[in-house]
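Reviewing the structure listed below.
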Amino acid sequence: MASGFFALLDDIAALMDDVVVMSKISTKKTAGILGDDLAVNAEKATGFLASREIPVLWAITKGSALNKLIILPIAFLLSAFAPWAVTMALILGGVYLAFEGFEKIYHFFFPYKHDNHKEEAFESEIVLSKEEQAVAEKMKIKSAIFTDFILSVEIVIIALGTVIGRPILFQILVVSIVAIIATVGVYGIVALIVRMDDFGMKLVSLNENKKSVSNIIGNLLIKTLPWVIRSLSVIGTIALLLVAGGIFVHEIEFFHHFLENIPSFIRDFIVGFGVGLMAFLLLKTFVFIKKKLLKE
């Protein structure tokens with residue numbers, strides 16, 4: 001009886017050792033997408049009122065956790081019974097990411113005056129009423145959670161691919177650990193980014209000597225934050241196109257040998273940009289035809 005109990009403990013210990021090892025491997029495999037996830041979500045989590053940054057980030061984090069609770073069981077079921085559906089979900093998600101990335105570039109060069117006015121009003125905390133600010137905040141949170149859903153699908157599928165063929169319990173443990181790291185790690189870093197200025201202010205207040213280390217570092221953090229936030233928009237847009245392009249290159253046979261002689265990240269960007277352009281044109285065409293039909 002005792003020997004059987006200790007044998008069980010040995011089996012559990014061996015299983016957990018394997019889980020830890022494979023979790024490390026899976027995390028390394030998803031490192032690239034996690035970096036893109038960080039850039040995209042950091043950009044999505046900025047631009048709110050200072051007093052609303054943490055509550056908004058917490059709302060997005062909870063949405064991200066819920067996304068993974070939805071994705072994980074579906075991914076395990078599809079992997080077991082309909083692997084083709086996993087690939088289809090990845091490709092559709094890639095189209096959305098490419099479209100969003102291209103749309104951001106398009107609106108940078110051809111902005112809508114109405115949209116610019118709304119954005120400036122939202123950031124200035126003056127023109128928009130509290131009700132309008134709340135609506136704008138909810139819309140941005142929904143957009144961030146939806147984008148996180150697409151990126152989470154990619155993370156889960158990549159992690160799942162490293163443990164295909166292993167027992168289902170093993171798959172669940174490894175992929176769940178990666179999902180937790182993706183949520184806590186990414187949004188923990190995002191929280192640090194958006195609160196850089198507050199931390200800088202605290203450092204400045206520690207010492208009245210302007211030449212002190214705390215004062216210099218604090219002022220550096222305060223002055224750096226606006227540049228970090230501006231750069232996040234650019235990095236996030238590039239990341240959207242890179243992730244989308246990577247999906248098409250890995251999942252669609254036609255793109256496997258497309259522009260093989262150039263660096264992979266440039267190829268991914270070109271493919272993502274091209275698909276985003278096509279999706280954008282198709283949507284614009286559909287909207288144009290719909291308006292014409294409604295007028296008739």
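Residues in the structure tokens are named by chain (A, B, ... in the order shown) and by number from 1 within that chain; ligands are numbered from 1 in the order shown.
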
Selection: 12 Å around A:Arg267, only C-alpha atoms, excl. self and same-chain fewer than 6 positions, as a compact mmCIF listing (two decimals) with all heavy atoms, in the first residue's frame:
```
# COMPACT_ATOMS: atom_id res chain seq x y z
N LEU A 241 0.71 43.56 -38.10
CA LEU A 241 1.01 43.08 -39.45
C LEU A 241 2.00 41.92 -39.44
O LEU A 241 1.89 40.99 -40.24
CB LEU A 241 1.55 44.24 -40.29
CG LEU A 241 0.55 45.37 -40.55
CD1 LEU A 241 1.23 46.54 -41.24
CD2 LEU A 241 -0.63 44.88 -41.38
N LEU A 242 2.97 41.96 -38.51
CA LEU A 242 3.94 40.87 -38.41
C LEU A 242 3.27 39.57 -37.96
O LEU A 242 3.54 38.49 -38.51
CB LEU A 242 5.04 41.24 -37.43
CG LEU A 242 6.07 42.28 -37.91
CD1 LEU A 242 7.02 42.64 -36.78
CD2 LEU A 242 6.84 41.76 -39.11
N VAL A 243 2.39 39.68 -36.95
CA VAL A 243 1.67 38.50 -36.47
C VAL A 243 0.80 37.92 -37.57
O VAL A 243 0.79 36.71 -37.82
CB VAL A 243 0.81 38.83 -35.24
CG1 VAL A 243 -0.05 37.64 -34.85
CG2 VAL A 243 1.69 39.21 -34.06
N ALA A 244 0.05 38.80 -38.25
CA ALA A 244 -0.83 38.34 -39.33
C ALA A 244 -0.02 37.68 -40.44
O ALA A 244 -0.35 36.59 -40.90
CB ALA A 244 -1.62 39.52 -39.89
N GLY A 245 1.06 38.34 -40.86
CA GLY A 245 1.89 37.77 -41.91
C GLY A 245 2.49 36.45 -41.52
O GLY A 245 2.56 35.51 -42.33
N GLY A 246 2.91 36.32 -40.25
CA GLY A 246 3.47 35.06 -39.76
C GLY A 246 2.46 33.93 -39.82
O GLY A 246 2.80 32.78 -40.13
N ILE A 247 1.20 34.25 -39.53
CA ILE A 247 0.14 33.24 -39.59
C ILE A 247 -0.01 32.72 -41.02
O ILE A 247 -0.06 31.50 -41.25
CB ILE A 247 -1.20 33.83 -39.09
CG1 ILE A 247 -1.14 34.10 -37.59
CG2 ILE A 247 -2.36 32.86 -39.39
CD1 ILE A 247 -2.35 34.84 -37.06
N PHE A 248 -0.08 33.63 -41.99
CA PHE A 248 -0.27 33.22 -43.38
C PHE A 248 0.93 32.44 -43.90
O PHE A 248 0.77 31.45 -44.62
CB PHE A 248 -0.54 34.44 -44.26
CG PHE A 248 -1.75 35.21 -43.85
CD1 PHE A 248 -1.68 36.57 -43.57
CD2 PHE A 248 -2.97 34.58 -43.71
CE1 PHE A 248 -2.79 37.27 -43.18
CE2 PHE A 248 -4.10 35.28 -43.32
CZ PHE A 248 -4.01 36.63 -43.06
N VAL A 249 2.13 32.87 -43.54
CA VAL A 249 3.34 32.20 -44.02
C VAL A 249 3.42 30.78 -43.48
O VAL A 249 3.81 29.85 -44.20
CB VAL A 249 4.60 33.00 -43.60
CG1 VAL A 249 5.87 32.17 -43.84
CG2 VAL A 249 4.69 34.30 -44.39
N HIS A 250 3.03 30.58 -42.22
CA HIS A 250 3.14 29.26 -41.61
C HIS A 250 1.96 28.34 -41.92
O HIS A 250 2.10 27.12 -41.91
CB HIS A 250 3.29 29.39 -40.09
CG HIS A 250 4.62 29.95 -39.66
ND1 HIS A 250 4.79 31.27 -39.32
CD2 HIS A 250 5.84 29.37 -39.56
CE1 HIS A 250 6.05 31.49 -39.01
NE2 HIS A 250 6.71 30.35 -39.15
N PHE A 255 2.31 30.77 -49.33
CA PHE A 255 3.24 31.75 -48.77
C PHE A 255 4.51 31.13 -48.19
O PHE A 255 5.42 31.85 -47.78
CB PHE A 255 2.55 32.57 -47.68
CG PHE A 255 1.47 33.48 -48.19
CD1 PHE A 255 0.15 33.24 -47.86
CD2 PHE A 255 1.78 34.55 -49.01
CE1 PHE A 255 -0.86 34.07 -48.32
CE2 PHE A 255 0.79 35.38 -49.49
CZ PHE A 255 -0.54 35.15 -49.15
N HIS A 256 4.59 29.80 -48.13
CA HIS A 256 5.77 29.14 -47.57
C HIS A 256 7.05 29.55 -48.30
O HIS A 256 8.09 29.75 -47.68
CB HIS A 256 5.62 27.61 -47.64
CG HIS A 256 4.71 27.06 -46.59
ND1 HIS A 256 4.24 27.80 -45.53
CD2 HIS A 256 4.20 25.81 -46.41
CE1 HIS A 256 3.48 27.05 -44.77
NE2 HIS A 256 3.42 25.84 -45.28
N HIS A 257 6.96 29.65 -49.64
CA HIS A 257 8.13 29.94 -50.45
C HIS A 257 8.08 31.35 -51.05
O HIS A 257 8.81 31.64 -51.99
CB HIS A 257 8.27 28.90 -51.56
CG HIS A 257 8.26 27.49 -51.05
ND1 HIS A 257 9.30 26.96 -50.30
CD2 HIS A 257 7.33 26.50 -51.16
CE1 HIS A 257 9.01 25.71 -49.98
NE2 HIS A 257 7.83 25.40 -50.48
N PHE A 258 7.21 32.19 -50.48
CA PHE A 258 7.05 33.55 -50.98
C PHE A 258 8.19 34.43 -50.46
O PHE A 258 8.40 34.54 -49.25
CB PHE A 258 5.70 34.11 -50.53
CG PHE A 258 5.43 35.51 -50.98
CD1 PHE A 258 5.19 35.79 -52.32
CD2 PHE A 258 5.41 36.56 -50.07
CE1 PHE A 258 4.93 37.08 -52.74
CE2 PHE A 258 5.15 37.85 -50.48
CZ PHE A 258 4.91 38.11 -51.83
N LEU A 259 8.96 35.04 -51.34
CA LEU A 259 10.07 35.93 -50.98
C LEU A 259 11.01 35.27 -49.97
O LEU A 259 11.35 35.84 -48.93
CB LEU A 259 9.52 37.24 -50.40
CG LEU A 259 8.64 38.10 -51.34
CD1 LEU A 259 8.11 39.31 -50.59
CD2 LEU A 259 9.44 38.53 -52.57
N GLU A 260 11.45 34.07 -50.29
CA GLU A 260 12.30 33.30 -49.38
C GLU A 260 13.66 33.95 -49.13
O GLU A 260 14.29 33.71 -48.10
CB GLU A 260 12.52 31.89 -49.93
CG GLU A 260 11.35 30.97 -49.73
CD GLU A 260 11.67 29.56 -50.18
OE1 GLU A 260 12.04 29.39 -51.37
OE2 GLU A 260 11.55 28.63 -49.36
N ASN A 261 14.13 34.76 -50.06
CA ASN A 261 15.49 35.28 -49.97
C ASN A 261 15.61 36.53 -49.10
O ASN A 261 16.71 37.04 -48.91
CB ASN A 261 16.02 35.62 -51.38
CG ASN A 261 16.14 34.37 -52.25
OD1 ASN A 261 16.46 33.30 -51.75
ND2 ASN A 261 15.85 34.51 -53.54
N PHE A 273 0.76 43.20 -44.64
CA PHE A 273 0.32 44.45 -45.25
C PHE A 273 -0.55 44.18 -46.48
O PHE A 273 -1.59 44.80 -46.67
CB PHE A 273 1.53 45.30 -45.63
CG PHE A 273 1.19 46.66 -46.17
CD1 PHE A 273 1.04 47.74 -45.33
CD2 PHE A 273 1.02 46.85 -47.54
CE1 PHE A 273 0.72 48.99 -45.82
CE2 PHE A 273 0.69 48.10 -48.05
CZ PHE A 273 0.54 49.18 -47.19
N GLY A 274 -0.13 43.23 -47.31
CA GLY A 274 -0.87 42.91 -48.52
C GLY A 274 -2.26 42.36 -48.22
O GLY A 274 -3.25 42.78 -48.83
```

For a quick check of understanding, using only C-alpha atoms, which of A:Ala82, A:Val163, A:Val174, A:Val95 has the smallest distance to A:Gly276? A:Val95

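Each of A:Gln133, A:Ser214, A:Ser143, A:Ser152 was checked against A:Ala182 using only C-alpha atoms; the smallest atom-to-atom distance is that of A:Ser152.
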
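Take the candidates A:Ile289, A:Thr237, A:Ile270, A:Val135 and check each one against A:Tyr106 using only C-alpha atoms; the shortest distance goes to A:Thr237.
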
Could you give me, as a list in words, the residues within 7 Å of A:Leu203, counting only C-alpha atoms and dropping anything in the same chain fewer than 2 positions from it? Phe199, Gly200, Met201, Ser205, Leu206, Ser214, Asn215 and Gly218 of chain A

Of the listed residues A:Phe286, A:Trp58, A:Phe269, A:Trp227, that which approaches A:Ala98 most closely, counting only C-alpha atoms: A:Phe269

Could you pull the residues within 12 Å of A:Val86, counting only C-alpha atoms, minus those fewer than 4 positions along the same chain, as a PyMOL selection string? chain A and resi 71-72+74-82+90-93+153-154+156-158+160-161+247+251

Expected answer as a PyMOL selection string: alpha helix (DSSP H) residues in stretch 93-211 of chain A: chain A and resi 93-109+113-124+130-161+168-194+196-205

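Of note, atom CA of A:Met196 and atom CA of A:Glu137 are spaced 21.0 Å apart.
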
What's the 10 Å shell around stretch 59-69 of chain A, counting only C-alpha atoms, without same-chain residues fewer than 6 positions away, as a PDB file with C-alpha atoms, in the first residue's frame?
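The file below, result-v9.pdb, is the result:
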```
ATOM      1  CA  ASN A  41      -1.939  45.578 -25.879  1.00  0.00           C
ATOM      2  CA  LYS A  44      -4.428  49.556 -26.783  1.00  0.00           C
ATOM      3  CA  ALA A  45      -4.230  50.291 -23.033  1.00  0.00           C
ATOM      4  CA  GLU A  53      -5.593  53.860 -16.539  1.00  0.00           C
ATOM      5  CA  ALA A  75      -8.654  24.476 -28.655  1.00  0.00           C
ATOM      6  CA  LYS A 138     -15.940  51.045 -23.172  1.00  0.00           C
ATOM      7  CA  LYS A 140     -11.651  50.989 -26.567  1.00  0.00           C
ATOM      8  CA  ILE A 141     -11.792  48.267 -23.904  1.00  0.00           C
ATOM      9  CA  LYS A 142     -13.939  46.095 -26.196  1.00  0.00           C
ATOM     10  CA  SER A 143     -11.514  46.654 -29.064  1.00  0.00           C
ATOM     11  CA  ALA A 144      -8.549  45.739 -26.845  1.00  0.00           C
ATOM     12  CA  ILE A 145     -10.243  42.571 -25.567  1.00  0.00           C
ATOM     13  CA  PHE A 146     -11.223  41.487 -29.078  1.00  0.00           C
ATOM     14  CA  THR A 147      -7.673  41.991 -30.377  1.00  0.00           C
ATOM     15  CA  ASP A 148      -6.373  40.116 -27.334  1.00  0.00           C
ATOM     16  CA  PHE A 149      -8.724  37.248 -28.244  1.00  0.00           C
ATOM     17  CA  ILE A 150      -7.142  36.892 -31.682  1.00  0.00           C
ATOM     18  CA  LEU A 151      -3.611  37.042 -30.272  1.00  0.00           C
ATOM     19  CA  SER A 152      -4.543  34.611 -27.494  1.00  0.00           C
ATOM     20  CA  VAL A 153      -5.747  32.084 -30.083  1.00  0.00           C
ATOM     21  CA  ILE A 155      -0.492  31.870 -28.461  1.00  0.00           C
ATOM     22  CA  VAL A 156      -2.595  28.895 -27.386  1.00  0.00           C
ATOM     23  CA  SER A 176      -2.629  26.503 -19.298  1.00  0.00           C
ATOM     24  CA  ALA A 179      -1.738  31.061 -21.046  1.00  0.00           C
ATOM     25  CA  ILE A 180      -1.305  32.262 -17.439  1.00  0.00           C
ATOM     26  CA  ALA A 182       0.819  35.339 -21.304  1.00  0.00           C
ATOM     27  CA  THR A 183      -1.886  37.107 -19.278  1.00  0.00           C
ATOM     28  CA  VAL A 184      -0.072  37.980 -16.053  1.00  0.00           C
ATOM     29  CA  VAL A 186       2.007  40.861 -20.561  1.00  0.00           C
ATOM     30  CA  TYR A 187      -0.451  42.968 -18.581  1.00  0.00           C
ATOM     31  CA  GLY A 188       1.922  43.242 -15.622  1.00  0.00           C
TER      32      GLY A 188
END
```
